[in-house]
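**Student:** Contents of coords_19.cif (mmCIF, C-alpha atoms):
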```cif
data_protein
loop_
_atom_site.label_atom_id
_atom_site.label_comp_id
_atom_site.auth_asym_id
_atom_site.auth_seq_id
_atom_site.Cartn_x
_atom_site.Cartn_y
_atom_site.Cartn_z
CA MET A 1 148.46 -9.05 71.72
CA SER A 2 149.22 -5.46 72.62
CA GLU A 3 149.04 -4.64 68.91
CA ILE A 4 145.33 -5.30 68.73
CA PHE A 5 144.77 -3.25 71.88
CA GLU A 6 146.59 -0.40 70.20
CA GLU A 7 144.44 -0.85 67.07
CA ILE A 8 141.30 -0.78 69.23
CA LYS A 9 142.48 2.37 70.95
CA GLU A 10 143.12 4.03 67.58
CA ALA A 11 139.71 2.92 66.24
CA VAL A 12 138.04 4.61 69.21
CA ILE A 13 140.15 7.75 68.79
CA ASP A 14 139.23 7.84 65.08
CA GLY A 15 135.58 7.28 65.97
CA ASP A 16 135.45 4.31 63.60
CA GLU A 17 132.47 2.32 64.80
CA GLU A 18 132.72 -0.42 62.17
CA LEU A 19 136.40 -1.01 62.82
CA ALA A 20 135.79 -1.04 66.58
CA GLU A 21 133.19 -3.78 66.11
CA GLU A 22 135.46 -5.69 63.74
CA LEU A 23 138.37 -5.58 66.18
CA ALA A 24 136.14 -6.63 69.07
CA GLN A 25 135.05 -9.63 66.99
CA ARG A 26 138.72 -10.44 66.33
CA VAL A 27 139.32 -10.37 70.09
CA LEU A 28 136.67 -13.07 70.47
CA ASP A 29 137.80 -15.08 67.44
CA GLU A 30 141.43 -15.15 68.61
CA ASN A 31 140.50 -15.99 72.22
CA ILE A 32 142.04 -12.81 73.55
CA ASN A 33 140.86 -11.82 77.03
CA PRO A 34 137.93 -9.41 76.35
CA VAL A 35 138.36 -7.71 79.73
CA GLU A 36 141.91 -6.76 78.78
CA ALA A 37 140.66 -5.54 75.39
CA VAL A 38 138.20 -3.24 77.19
CA GLN A 39 140.71 -1.93 79.69
CA ASN A 40 143.77 -1.65 77.43
CA GLY A 41 142.01 -0.76 74.19
CA PHE A 42 138.56 0.80 74.39
CA ILE A 43 139.01 2.64 77.67
CA LYS A 44 142.47 3.92 76.73
CA GLY A 45 140.99 5.30 73.50
CA ILE A 46 138.09 7.12 75.12
CA GLU A 47 140.35 8.45 77.88
CA GLN A 48 142.65 9.98 75.30
CA VAL A 49 139.77 11.60 73.38
CA GLY A 50 138.20 12.81 76.64
CA ASN A 51 141.47 14.42 77.71
CA SER A 52 141.92 16.09 74.32
CA TRP A 53 138.39 17.45 74.58
CA LYS A 54 139.04 18.88 78.02
CA LEU A 55 142.12 20.60 76.63
CA GLY A 56 140.11 22.00 73.73
CA GLU A 57 142.09 19.92 71.22
CA ALA A 58 139.11 17.76 70.16
CA PHE A 59 135.63 18.81 69.03
CA LEU A 60 132.23 17.52 70.06
CA PRO A 61 131.89 15.30 66.94
CA ASP A 62 135.23 13.65 67.78
CA VAL A 63 134.01 12.69 71.24
CA MET A 64 130.58 11.72 69.92
CA MET A 65 132.06 9.37 67.32
CA ALA A 66 134.58 7.94 69.82
CA ALA A 67 131.81 7.25 72.34
CA ASP A 68 129.76 5.49 69.64
CA ALA A 69 132.76 3.40 68.56
CA MET A 70 133.43 2.36 72.13
CA LYS A 71 129.80 1.50 72.72
CA ALA A 72 129.66 -0.61 69.55
CA GLY A 73 132.82 -2.52 70.44
CA LEU A 74 131.71 -3.14 74.03
CA ALA A 75 128.39 -4.49 72.78
CA VAL A 76 130.29 -7.18 70.88
CA LEU A 77 132.42 -8.11 73.91
CA GLU A 78 129.83 -7.88 76.67
CA PRO A 79 128.23 -11.34 76.25
CA ALA A 80 131.67 -12.98 76.46
CA ILE A 81 132.59 -10.90 79.51
CA ALA A 82 129.32 -11.84 81.21
CA GLU A 83 129.97 -15.51 80.43
CA MET A 84 133.39 -15.25 82.07
CA GLY A 85 131.59 -14.09 85.22
CA SER A 86 133.58 -10.92 85.22
CA ASP A 87 132.30 -7.43 84.64
CA GLY A 88 135.58 -6.13 83.37
CA GLY A 89 137.46 -5.44 86.55
CA GLU A 90 136.45 -3.76 89.75
CA ILE A 91 133.13 -1.96 89.27
CA ALA A 92 132.61 1.36 91.00
CA ALA A 93 128.81 1.04 90.74
CA LYS A 94 125.99 0.27 88.36
CA ILE A 95 124.32 3.16 86.59
CA VAL A 96 121.19 3.14 84.47
CA LEU A 97 121.42 5.93 81.93
CA GLY A 98 118.89 7.25 79.44
CA THR A 99 117.27 10.21 77.72
CA VAL A 100 113.85 11.04 79.13
CA GLU A 101 110.49 10.53 77.47
CA GLY A 102 109.77 12.73 74.47
CA ASP A 103 113.44 13.55 73.90
CA ILE A 104 115.50 11.95 71.15
CA HIS A 105 118.85 13.62 71.84
CA ASP A 106 121.62 11.27 72.85
CA ILE A 107 124.99 12.74 71.96
CA GLY A 108 125.73 14.16 75.40
CA LYS A 109 124.23 11.13 77.11
CA ASN A 110 126.48 8.79 75.11
CA ILE A 111 129.55 10.81 76.02
CA VAL A 112 128.58 10.67 79.69
CA GLY A 113 128.10 6.91 79.34
CA ALA A 114 131.52 6.47 77.74
CA LEU A 115 133.33 8.51 80.39
CA LEU A 116 131.49 6.72 83.22
CA THR A 117 132.52 3.39 81.69
CA ALA A 118 136.10 4.59 81.44
CA ALA A 119 135.93 5.56 85.12
CA GLY A 120 134.99 2.00 86.08
CA PHE A 121 131.21 2.25 86.32
CA LYS A 122 129.02 -0.39 84.74
CA VAL A 123 126.64 1.59 82.54
CA TYR A 124 123.32 0.29 81.28
CA ASP A 125 122.30 2.66 78.52
CA LEU A 126 118.57 2.54 77.84
CA GLY A 127 118.73 4.87 74.86
CA ILE A 128 116.35 7.72 74.05
CA ASP A 129 112.69 8.55 74.83
CA GLN A 130 112.48 6.53 78.06
CA LYS A 131 109.56 6.57 80.47
CA PRO A 132 110.13 6.62 84.26
CA GLU A 133 108.94 3.03 84.52
CA GLN A 134 111.60 1.95 82.02
CA PHE A 135 114.35 3.60 84.08
CA LEU A 136 113.05 1.89 87.20
CA ALA A 137 112.58 -1.53 85.60
CA LYS A 138 116.20 -1.59 84.40
CA ALA A 139 117.55 -0.25 87.70
CA ASP A 140 115.64 -2.94 89.51
CA GLU A 141 116.75 -5.67 87.10
CA VAL A 142 120.48 -4.91 87.33
CA GLY A 143 120.61 -3.67 90.93
CA ALA A 144 121.76 -0.19 90.00
CA GLN A 145 122.80 2.40 92.56
CA ILE A 146 122.34 5.42 90.30
CA ILE A 147 119.78 6.48 87.71
CA ALA A 148 121.01 9.15 85.31
CA ALA A 149 118.44 11.02 83.21
CA SER A 150 119.31 13.35 80.37
CA ALA A 151 117.10 16.01 78.71
CA LEU A 152 118.17 18.44 76.02
CA LEU A 153 114.97 20.40 75.64
CA THR A 154 113.25 22.81 77.98
CA THR A 155 110.06 21.05 76.93
CA THR A 156 111.31 17.63 78.10
CA MET A 157 113.10 18.70 81.30
CA ASN A 158 109.88 18.15 83.18
CA ALA A 159 110.20 14.42 82.51
CA GLN A 160 113.21 14.45 84.87
CA LYS A 161 110.90 15.72 87.59
CA GLU A 162 108.36 13.04 86.68
CA LEU A 163 111.05 10.39 87.12
CA VAL A 164 111.83 11.61 90.64
CA GLU A 165 108.11 11.80 91.44
CA TYR A 166 107.56 8.30 90.07
CA LEU A 167 110.26 6.88 92.36
CA LYS A 168 108.62 8.65 95.30
CA GLU A 169 105.22 7.22 94.37
CA LYS A 170 106.72 3.74 94.35
CA ASN A 171 108.41 4.38 97.71
CA LEU A 172 111.75 3.74 96.05
CA ARG A 173 113.19 7.25 96.11
CA ASP A 174 115.80 6.37 98.74
CA LYS A 175 116.89 3.22 96.95
CA TYR A 176 118.47 5.06 94.01
CA LYS A 177 120.54 8.19 93.60
CA VAL A 178 119.14 10.23 90.72
CA ILE A 179 121.37 12.50 88.71
CA ILE A 180 120.26 14.72 85.87
CA GLY A 181 121.93 16.66 83.07
CA GLY A 182 121.45 18.20 79.65
CA GLY A 183 121.72 21.63 78.02
CA PRO A 184 118.84 23.51 79.66
CA THR A 185 119.19 21.90 83.10
CA SER A 186 120.87 23.56 86.06
CA LYS A 187 121.81 23.02 89.68
CA ALA A 188 118.74 25.08 90.61
CA TRP A 189 116.51 22.75 88.56
CA ALA A 190 118.11 19.67 90.14
CA ASP A 191 117.47 21.15 93.60
CA GLU A 192 113.91 22.07 92.69
CA ILE A 193 113.00 18.55 91.59
CA GLN A 194 115.05 17.02 94.42
CA ALA A 195 117.50 15.13 92.26
CA ASP A 196 120.63 14.00 94.07
CA GLY A 197 123.06 15.47 91.60
CA TRP A 198 123.52 17.56 88.49
CA ALA A 199 126.46 17.95 86.15
CA GLU A 200 127.08 20.47 83.43
CA THR A 201 129.71 18.42 81.60
CA ALA A 202 130.42 14.73 81.08
CA ASP A 203 133.53 14.68 83.25
CA GLU A 204 131.67 16.51 86.01
CA ALA A 205 129.04 13.74 85.80
CA VAL A 206 131.76 11.22 86.64
CA ASP A 207 132.82 13.27 89.66
CA VAL A 208 129.21 13.65 90.82
CA CYS A 209 128.67 9.88 90.65
CA LYS A 210 131.86 9.26 92.60
CA GLN A 211 130.84 11.78 95.25
CA LEU A 212 127.36 10.31 95.59
CA LEU A 213 128.80 6.89 96.32
CA SER A 214 131.60 7.95 98.64
CA MET B 1 101.55 46.01 67.20
CA ASP B 2 101.65 47.26 70.80
CA ASP B 3 102.68 50.94 70.62
CA ARG B 4 104.63 50.65 73.87
CA ILE B 5 107.19 48.43 72.11
CA LYS B 6 109.92 50.74 70.84
CA LEU B 7 112.43 48.19 69.54
CA ILE B 8 112.57 44.57 68.45
CA ILE B 9 115.66 42.47 69.03
CA ALA B 10 115.08 39.33 67.00
CA CYS B 11 116.69 36.08 66.01
CA GLU B 12 117.42 35.83 62.30
CA ALA B 13 115.51 32.55 62.33
CA LEU B 14 112.38 34.73 62.29
CA LYS B 15 113.55 37.05 59.51
CA GLY B 16 111.15 35.63 56.90
CA GLU B 17 108.18 35.89 59.24
CA LEU B 18 108.99 39.38 60.56
CA SER B 19 109.77 40.69 57.07
CA TYR B 20 106.38 39.44 55.91
CA LEU B 21 104.80 41.36 58.79
CA SER B 22 106.69 44.59 57.98
CA ASP B 23 103.45 46.57 57.47
CA PHE B 24 102.37 45.56 60.94
CA ILE B 25 105.71 46.42 62.55
CA ASN B 26 106.44 50.03 63.37
CA THR B 27 109.85 49.84 65.04
CA GLU B 28 113.42 49.11 64.12
CA ILE B 29 114.62 45.50 64.33
CA ILE B 30 118.09 44.58 65.57
CA TRP B 31 118.97 41.12 64.26
CA VAL B 32 120.94 38.46 66.09
CA GLU B 33 122.59 35.60 64.21
CA GLN B 34 120.70 32.34 64.49
CA PHE B 35 123.69 30.01 64.78
CA LEU B 36 123.81 31.20 68.41
CA HIS B 37 120.85 28.87 68.98
CA ASP B 38 123.46 26.17 69.57
CA ALA B 39 125.46 28.27 72.04
CA PRO B 40 123.07 29.64 74.72
CA ASP B 41 125.84 31.20 76.83
CA GLN B 42 127.15 33.06 73.82
CA LEU B 43 123.62 34.10 72.82
CA ASN B 44 123.05 35.44 76.34
CA GLY B 45 126.25 37.50 76.03
CA VAL B 46 125.28 38.90 72.61
CA LEU B 47 121.81 39.83 73.92
CA LYS B 48 123.38 41.70 76.84
CA GLN B 49 125.39 43.73 74.30
CA LYS B 50 122.28 44.44 72.20
CA ILE B 51 120.33 45.52 75.30
CA LYS B 52 123.17 47.86 76.23
CA GLN B 53 123.03 49.26 72.70
CA ALA B 54 119.26 49.76 73.06
CA GLU B 55 119.73 51.59 76.38
CA GLY B 56 121.87 54.09 74.49
CA ILE B 57 119.16 54.93 71.95
CA LEU B 58 115.81 54.60 73.77
CA PRO B 59 114.30 56.80 76.50
CA PRO B 60 114.15 55.19 79.96
CA GLY B 61 110.98 53.19 80.55
CA SER B 62 110.67 52.09 76.90
CA THR B 63 109.71 48.51 76.15
CA VAL B 64 111.92 46.21 74.07
CA ILE B 65 110.66 42.88 72.80
CA LEU B 66 113.08 40.00 72.40
CA MET B 67 111.72 37.85 69.57
CA PHE B 68 113.37 34.57 70.45
CA GLY B 69 112.58 31.20 71.85
CA ASN B 70 114.38 30.71 75.15
CA CYS B 71 116.92 28.33 73.55
CA GLY B 72 118.81 26.52 76.28
CA GLY B 73 117.73 29.18 78.78
CA ALA B 74 119.65 31.88 76.88
CA LEU B 75 117.14 34.58 77.87
CA ASP B 76 117.15 33.73 81.57
CA GLY B 77 118.45 36.46 83.84
CA LEU B 78 118.51 39.21 81.20
CA TRP B 79 117.68 42.69 82.46
CA SER B 80 118.13 46.32 81.57
CA GLN B 81 118.90 49.25 83.80
CA THR B 82 116.43 51.53 82.00
CA LEU B 83 114.21 49.45 79.67
CA GLU B 84 111.40 47.00 80.15
CA LEU B 85 112.24 43.68 78.46
CA ILE B 86 109.47 41.40 77.27
CA TYR B 87 109.60 38.13 75.37
CA PRO B 88 107.20 35.31 74.53
CA ASP B 89 107.24 32.61 77.19
CA VAL B 90 108.34 29.80 74.92
CA ALA B 91 111.24 27.37 75.13
CA ASP B 92 112.12 27.29 71.46
CA CYS B 93 111.34 29.35 68.36
CA ILE B 94 109.54 26.49 66.58
CA PRO B 95 106.22 27.13 68.39
CA LEU B 96 106.48 30.76 67.26
CA ILE B 97 107.01 29.66 63.66
CA LEU B 98 104.24 27.07 63.84
CA GLY B 99 101.73 29.47 65.36
CA SER B 100 101.16 28.22 68.90
CA ARG B 101 102.64 26.30 71.82
CA GLU B 102 99.75 23.88 71.78
CA ARG B 103 100.32 22.94 68.15
CA PHE B 104 104.03 22.40 68.76
CA ASN B 105 103.36 20.28 71.86
CA THR B 106 100.81 18.15 70.02
CA LEU B 107 103.20 17.56 67.13
CA GLN B 108 106.12 16.81 69.46
CA GLN B 109 104.11 14.25 71.35
CA ALA B 110 103.09 12.56 68.14
CA ARG B 111 106.54 12.70 66.52
CA PRO B 112 109.37 13.67 68.89
CA GLY B 113 111.93 12.94 66.17
CA THR B 114 110.97 15.83 63.91
CA PHE B 115 113.45 18.45 62.76
CA TYR B 116 111.72 21.64 61.61
CA PHE B 117 112.74 24.00 58.83
CA ASN B 118 111.54 27.45 57.90
CA LYS B 119 112.87 29.90 55.32
CA ASN B 120 115.71 31.30 57.35
CA TRP B 121 116.68 28.01 58.88
CA ILE B 122 117.52 26.97 55.33
CA ASP B 123 118.88 30.33 54.08
CA SER B 124 121.33 30.52 56.98
CA GLY B 125 122.82 27.09 56.25
CA GLN B 126 121.94 25.83 59.73
CA GLY B 127 120.06 22.75 58.53
CA PRO B 128 121.48 19.28 57.96
CA LEU B 129 122.83 19.99 54.47
CA GLY B 130 124.53 23.18 55.61
CA SER B 131 126.08 21.62 58.67
CA ASN B 132 127.18 18.63 56.62
CA GLN B 133 129.38 20.92 54.53
CA LYS B 134 131.03 22.13 57.75
CA TYR B 135 131.84 18.55 58.75
CA VAL B 136 133.05 17.59 55.27
CA ASP B 137 135.39 20.59 55.35
CA ARG B 138 136.75 19.51 58.73
CA TYR B 139 136.89 15.72 58.39
CA GLY B 140 136.87 15.02 54.65
CA LEU B 141 134.04 13.56 52.59
CA ASP B 142 133.58 10.11 54.15
CA LYS B 143 133.97 10.95 57.81
CA GLY B 144 132.23 14.30 57.35
CA TRP B 145 129.11 12.53 56.09
CA LYS B 146 129.34 9.94 58.87
CA VAL B 147 129.49 12.68 61.51
CA SER B 148 126.65 14.53 59.89
CA ARG B 149 124.39 11.49 59.61
CA ARG B 150 125.16 10.63 63.22
CA MET B 151 124.14 14.11 64.34
CA TYR B 152 120.68 13.63 62.83
CA LYS B 153 120.43 9.88 63.43
CA ASN B 154 117.52 9.95 65.87
CA TYR B 155 115.34 12.22 63.77
CA THR B 156 112.71 10.42 61.75
CA HIS B 157 111.07 13.34 59.93
CA PHE B 158 112.23 16.58 58.36
CA ALA B 159 109.32 19.01 58.36
CA LEU B 160 109.00 22.18 56.30
CA ILE B 161 106.75 24.72 58.00
CA ASP B 162 104.33 26.47 55.67
CA ASN B 163 103.17 29.56 57.53
CA GLY B 164 102.34 31.47 54.38
CA CYS B 165 105.14 34.00 54.46
CA TYR B 166 107.38 32.62 51.72
CA GLU B 167 107.18 30.63 48.50
CA LEU B 168 107.65 26.98 49.35
CA ALA B 169 108.97 25.70 46.03
CA GLY B 170 112.74 26.18 46.44
CA TYR B 171 112.64 25.38 50.12
CA ARG B 172 110.64 22.22 49.50
CA ASP B 173 113.36 21.06 47.08
CA HIS B 174 116.00 21.75 49.71
CA VAL B 175 114.24 19.75 52.42
CA LEU B 176 113.43 16.92 50.01
CA GLU B 177 117.12 16.74 49.12
CA ALA B 178 118.01 16.69 52.82
CA CYS B 179 115.52 13.86 53.35
CA ARG B 180 117.12 11.92 50.49
CA CYS B 181 120.65 12.41 51.85
CA PHE B 182 119.74 11.64 55.46
CA ASP B 183 117.08 9.02 54.81
CA LYS B 184 114.24 10.87 56.57
CA ILE B 185 110.55 11.21 55.90
CA TYR B 186 109.47 14.52 54.35
CA ILE B 187 106.45 16.32 55.73
CA GLU B 188 104.95 19.77 55.51
CA GLU B 189 103.27 21.33 58.50
CA LYS B 190 100.80 24.17 58.18
CA GLY B 191 101.79 27.02 60.41
CA SER B 192 100.49 30.51 61.06
CA LEU B 193 101.82 33.87 62.14
CA ASP B 194 99.28 34.14 64.97
CA PHE B 195 101.77 33.55 67.78
CA ILE B 196 104.28 36.05 66.43
CA GLN B 197 101.56 38.66 65.98
CA ALA B 198 100.22 38.01 69.48
CA ALA B 199 103.74 38.49 70.87
CA LEU B 200 104.12 41.77 68.98
CA ASN B 201 100.71 42.80 70.30
CA ASN B 202 101.92 41.86 73.78
CA SER B 203 98.70 39.90 74.08
CA CYS B 204 99.95 36.37 74.77
CA ARG B 205 101.78 34.87 77.76
CA MET B 206 104.95 36.97 77.97
CA ARG B 207 107.90 37.11 80.32
CA LYS B 208 108.39 40.67 81.51
CA THR B 209 111.37 42.22 83.27
CA PRO B 210 110.90 45.83 84.40
CA PRO B 211 113.84 48.23 84.22
CA ARG B 212 116.15 47.54 87.12
CA SER B 213 116.31 51.20 88.05
CA SER B 214 112.52 51.34 88.58
CA ALA B 215 112.58 48.01 90.45
CA VAL B 216 115.26 49.39 92.73
CA ALA B 217 113.39 52.68 93.18
CA HIS B 218 110.17 50.73 93.87
CA GLN B 219 111.90 48.60 96.51
CA GLU B 220 113.46 51.64 98.14
CA GLY B 221 110.09 53.36 98.26
CA GLU B 222 108.39 50.43 99.98
#
```
Write the structure described by the file as structure tokens, please.
**Tutor:**
Amino acid sequence: MSEIFEEIKEAVIDGDEELAEELAQRVLDENINPVEAVQNGFIKGIEQVGNSWKLGEAFLPDVMMAADAMKAGLAVLEPAIAEMGSDGGEIAAKIVLGTVEGDIHDIGKNIVGALLTAAGFKVYDLGIDQKPEQFLAKADEVGAQIIAASALLTTTMNAQKELVEYLKEKNLRDKYKVIIGGGPTSKAWADEIQADGWAETADEAVDVCKQLLS
Amino acid sequence: MDDRIKLIIACEALKGELSYLSDFINTEIIWVEQFLHDAPDQLNGVLKQKIKQAEGILPPGSTVILMFGNCGGALDGLWSQTLELIYPDVADCIPLILGSRERFNTLQQARPGTFYFNKNWIDSGQGPLGSNQKYVDRYGLDKGWKVSRRMYKNYTHFALIDNGCYELAGYRDHVLEACRCFDKIYIEEKGSLDFIQAALNNSCRMRKTPPRSSAVAHQEGE
């Protein structure tokens, strides 16, 4: 059984999305515990790539492809995990993640999602070009503690502010911690729009989420 | 062009446009490589060096225009000890190339997944086909293409900007080929040089940073 976990780990490291999906399907077909496949395969793979990136031994495309491969494999396993009544081990918290309205960039967001998953968070990734009401609807549906909004353009950063304002309008600002990130954003911007946290890098985003919940 | 401007420091992305306006421009241009668009911290550092260089050649109080979009906030916090720095208040160079902020904002709202090309964006190899070669060199043919397609996955349209300052024919072929390789929709957008000319005339919304020495002197005198 550990062989397939090793294969999954390698598929993630190689950023091979198709193989990751194929191996996840094999996990289901061979009645292997999908939670173990996540923890011992997918997460081990992304952890290794994340560490190499931090050390400067991997490039952005390596992490981007690894995050996509992990996401694709998890999508195959998630229905089975949900059916088992287990969310894949002890969950640190639920996080709704997305790129704000008008912005189609998702590489950094996906890396953040992958590292948060590896750190034990349950991540609900909405995708790109998401309105404030879509963030809130998902957070409400899944009972999230944190909403994480990414923006890569100076022209779309304002949508992060609109998200915070929208939560205030709905009298739900205190219900969720809001963190923001993305190339042009800064701690000063996060303070200005009254977000709860800001991170410059994906691994800092994990630390920020941990701190917000401690 | 505003006579008070004594030097232009410009991104090479605007080389086609500024070359076309050469009769209108009466100062030297110092060029900065456009690949720095992707590395705002590095761009900020290079601009500091160029400003230092300008301080060495221009009399105190001269005005220098930075012809850039504020990519990733790369222009934030720049100052000179002796020179006034001005630059168009715009987040990205595409509005400059298109002709106005309003036009860019309208197009972005209608089609947020548009990747824009102009002459130098193509000449410099910074577009999808150019960057693909970089990934093929690093990862080999199959994975290189996969990485490249992933990078541009969320774009729906590749748009060639026609602002009248270069012959479209060869560039159109390039963008059409990129559309074929990346499975995108080809469009052409009419642009104009109005925004660039207004910036050079110092007659549009500009960010202005006075020389630090005069700011300090002004504060001390208060």
**Student:** Given the PyMOL selection byres ((chain A) within 12 of (chain B)) and the file above, list the residues it selects as a PDB file with C-alpha atoms, keeping the file's coordinate frame.
**Tutor:**
```
ATOM      1  CA  ASP A  14     139.230   7.840  65.080  1.00  0.00           C
ATOM      2  CA  GLY A  15     135.580   7.280  65.970  1.00  0.00           C
ATOM      3  CA  ASP A  16     135.450   4.310  63.600  1.00  0.00           C
ATOM      4  CA  GLU A  17     132.470   2.320  64.800  1.00  0.00           C
ATOM      5  CA  GLU A  18     132.720  -0.420  62.170  1.00  0.00           C
ATOM      6  CA  ALA A  58     139.110  17.760  70.160  1.00  0.00           C
ATOM      7  CA  PHE A  59     135.630  18.810  69.030  1.00  0.00           C
ATOM      8  CA  LEU A  60     132.230  17.520  70.060  1.00  0.00           C
ATOM      9  CA  PRO A  61     131.890  15.300  66.940  1.00  0.00           C
ATOM     10  CA  ASP A  62     135.230  13.650  67.780  1.00  0.00           C
ATOM     11  CA  VAL A  63     134.010  12.690  71.240  1.00  0.00           C
ATOM     12  CA  MET A  64     130.580  11.720  69.920  1.00  0.00           C
ATOM     13  CA  MET A  65     132.060   9.370  67.320  1.00  0.00           C
ATOM     14  CA  ALA A  66     134.580   7.940  69.820  1.00  0.00           C
ATOM     15  CA  ALA A  67     131.810   7.250  72.340  1.00  0.00           C
ATOM     16  CA  ASP A  68     129.760   5.490  69.640  1.00  0.00           C
ATOM     17  CA  ALA A  69     132.760   3.400  68.560  1.00  0.00           C
ATOM     18  CA  THR A  99     117.270  10.210  77.720  1.00  0.00           C
ATOM     19  CA  VAL A 100     113.850  11.040  79.130  1.00  0.00           C
ATOM     20  CA  GLU A 101     110.490  10.530  77.470  1.00  0.00           C
ATOM     21  CA  GLY A 102     109.770  12.730  74.470  1.00  0.00           C
ATOM     22  CA  ASP A 103     113.440  13.550  73.900  1.00  0.00           C
ATOM     23  CA  ILE A 104     115.500  11.950  71.150  1.00  0.00           C
ATOM     24  CA  HIS A 105     118.850  13.620  71.840  1.00  0.00           C
ATOM     25  CA  ASP A 106     121.620  11.270  72.850  1.00  0.00           C
ATOM     26  CA  ILE A 107     124.990  12.740  71.960  1.00  0.00           C
ATOM     27  CA  GLY A 108     125.730  14.160  75.400  1.00  0.00           C
ATOM     28  CA  GLY A 127     118.730   4.870  74.860  1.00  0.00           C
ATOM     29  CA  ILE A 128     116.350   7.720  74.050  1.00  0.00           C
ATOM     30  CA  ASP A 129     112.690   8.550  74.830  1.00  0.00           C
ATOM     31  CA  ALA A 151     117.100  16.010  78.710  1.00  0.00           C
ATOM     32  CA  LEU A 152     118.170  18.440  76.020  1.00  0.00           C
ATOM     33  CA  LEU A 153     114.970  20.400  75.640  1.00  0.00           C
ATOM     34  CA  THR A 154     113.250  22.810  77.980  1.00  0.00           C
ATOM     35  CA  THR A 155     110.060  21.050  76.930  1.00  0.00           C
ATOM     36  CA  THR A 156     111.310  17.630  78.100  1.00  0.00           C
ATOM     37  CA  MET A 157     113.100  18.700  81.300  1.00  0.00           C
ATOM     38  CA  GLY A 182     121.450  18.200  79.650  1.00  0.00           C
ATOM     39  CA  GLY A 183     121.720  21.630  78.020  1.00  0.00           C
ATOM     40  CA  PRO A 184     118.840  23.510  79.660  1.00  0.00           C
ATOM     41  CA  THR A 185     119.190  21.900  83.100  1.00  0.00           C
ATOM     42  CA  SER A 186     120.870  23.560  86.060  1.00  0.00           C
ATOM     43  CA  TRP A 189     116.510  22.750  88.560  1.00  0.00           C
TER      44      TRP A 189
END
```
**Student:** Identify all residues satisfying the PyMOL selection byres ((chain A and resi 166) around 12) in the given file; provide them as a ChimeraX atom specification.
**Tutor:** /A:131-137,159-165,167-173,178,193
**Student:** Please produce an output containing C-alpha atoms for each residue in the selection, written as a PDB file, in the coordinates of the input.
**Tutor:**
```pdb
ATOM      1  CA  LYS A 131     109.560   6.570  80.470  1.00  0.00           C
ATOM      2  CA  PRO A 132     110.130   6.620  84.260  1.00  0.00           C
ATOM      3  CA  GLU A 133     108.940   3.030  84.520  1.00  0.00           C
ATOM      4  CA  GLN A 134     111.600   1.950  82.020  1.00  0.00           C
ATOM      5  CA  PHE A 135     114.350   3.600  84.080  1.00  0.00           C
ATOM      6  CA  LEU A 136     113.050   1.890  87.200  1.00  0.00           C
ATOM      7  CA  ALA A 137     112.580  -1.530  85.600  1.00  0.00           C
ATOM      8  CA  ALA A 159     110.200  14.420  82.510  1.00  0.00           C
ATOM      9  CA  GLN A 160     113.210  14.450  84.870  1.00  0.00           C
ATOM     10  CA  LYS A 161     110.900  15.720  87.590  1.00  0.00           C
ATOM     11  CA  GLU A 162     108.360  13.040  86.680  1.00  0.00           C
ATOM     12  CA  LEU A 163     111.050  10.390  87.120  1.00  0.00           C
ATOM     13  CA  VAL A 164     111.830  11.610  90.640  1.00  0.00           C
ATOM     14  CA  GLU A 165     108.110  11.800  91.440  1.00  0.00           C
ATOM     15  CA  LEU A 167     110.260   6.880  92.360  1.00  0.00           C
ATOM     16  CA  LYS A 168     108.620   8.650  95.300  1.00  0.00           C
ATOM     17  CA  GLU A 169     105.220   7.220  94.370  1.00  0.00           C
ATOM     18  CA  LYS A 170     106.720   3.740  94.350  1.00  0.00           C
ATOM     19  CA  ASN A 171     108.410   4.380  97.710  1.00  0.00           C
ATOM     20  CA  LEU A 172     111.750   3.740  96.050  1.00  0.00           C
ATOM     21  CA  ARG A 173     113.190   7.250  96.110  1.00  0.00           C
ATOM     22  CA  VAL A 178     119.140  10.230  90.720  1.00  0.00           C
ATOM     23  CA  ILE A 193     113.000  18.550  91.590  1.00  0.00           C
TER      24      ILE A 193
END
```
**Student:** Smallest atom-to-atom distance to B:Met206: which of B:Ile65, B:Leu129, B:Cys165, B:Leu141, using all atoms listed in the file?
**Tutor:**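 Answer, going by the shortest atom-to-atom distance: B:Ile65.
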**Student:** Could you pull the residues within 7 Å of A:Phe42, counting all atoms listed in the file, minus those fewer than 3 positions along the same chain, as a PyMOL selection string?
**Tutor:** chain A and resi 8-9+12+37-39+45-46+70
**Student:** Evaluate the PyMOL selection byres ((chain B and resi 51) around 12) against this structure - the residues, as a ChimeraX atom specification, please.
**Tutor:** /B:7-10,30-32,44-50,52-58,62-66,75,78-86,211
**Student:** Please report the interatomic distance between atom CA of B:Lys15 and atom CA of B:Gln126 in Å with one decimal.
**Tutor:** 14.0 Å
**Student:** Between A:Pro79, A:Val96, A:Glu47, A:Asp125, single out the one closest to A:Ile179, counting only C-alpha atoms.
**Tutor:**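 Under the stated criterion, the closest residue is A:Val96.
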**Student:** Using Å and a single decimal, report how far atom CA of A:Gln48 sits from atom CA of A:Glu36.
**Tutor:**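 For atom CA of A:Glu36 relative to atom CA of A:Gln48, the distance reads 17.1 Å.
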**Student:** As JSON, what would the box around stretch 12-20 of chain B look like: edges along x, y and z, 6 Å added on every side, centre and edge lengths in Å to one decimal?
**Tutor:**
```
{"center_x": 111.9, "center_y": 36.6, "center_z": 59.1, "size_x": 23.0, "size_y": 20.1, "size_z": 18.4}
```
**Student:** One number please: atom CA of A:Ala92 to atom CA of A:Ala139, in Å, one decimal.
**Tutor:**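 The value is 15.5 Å.
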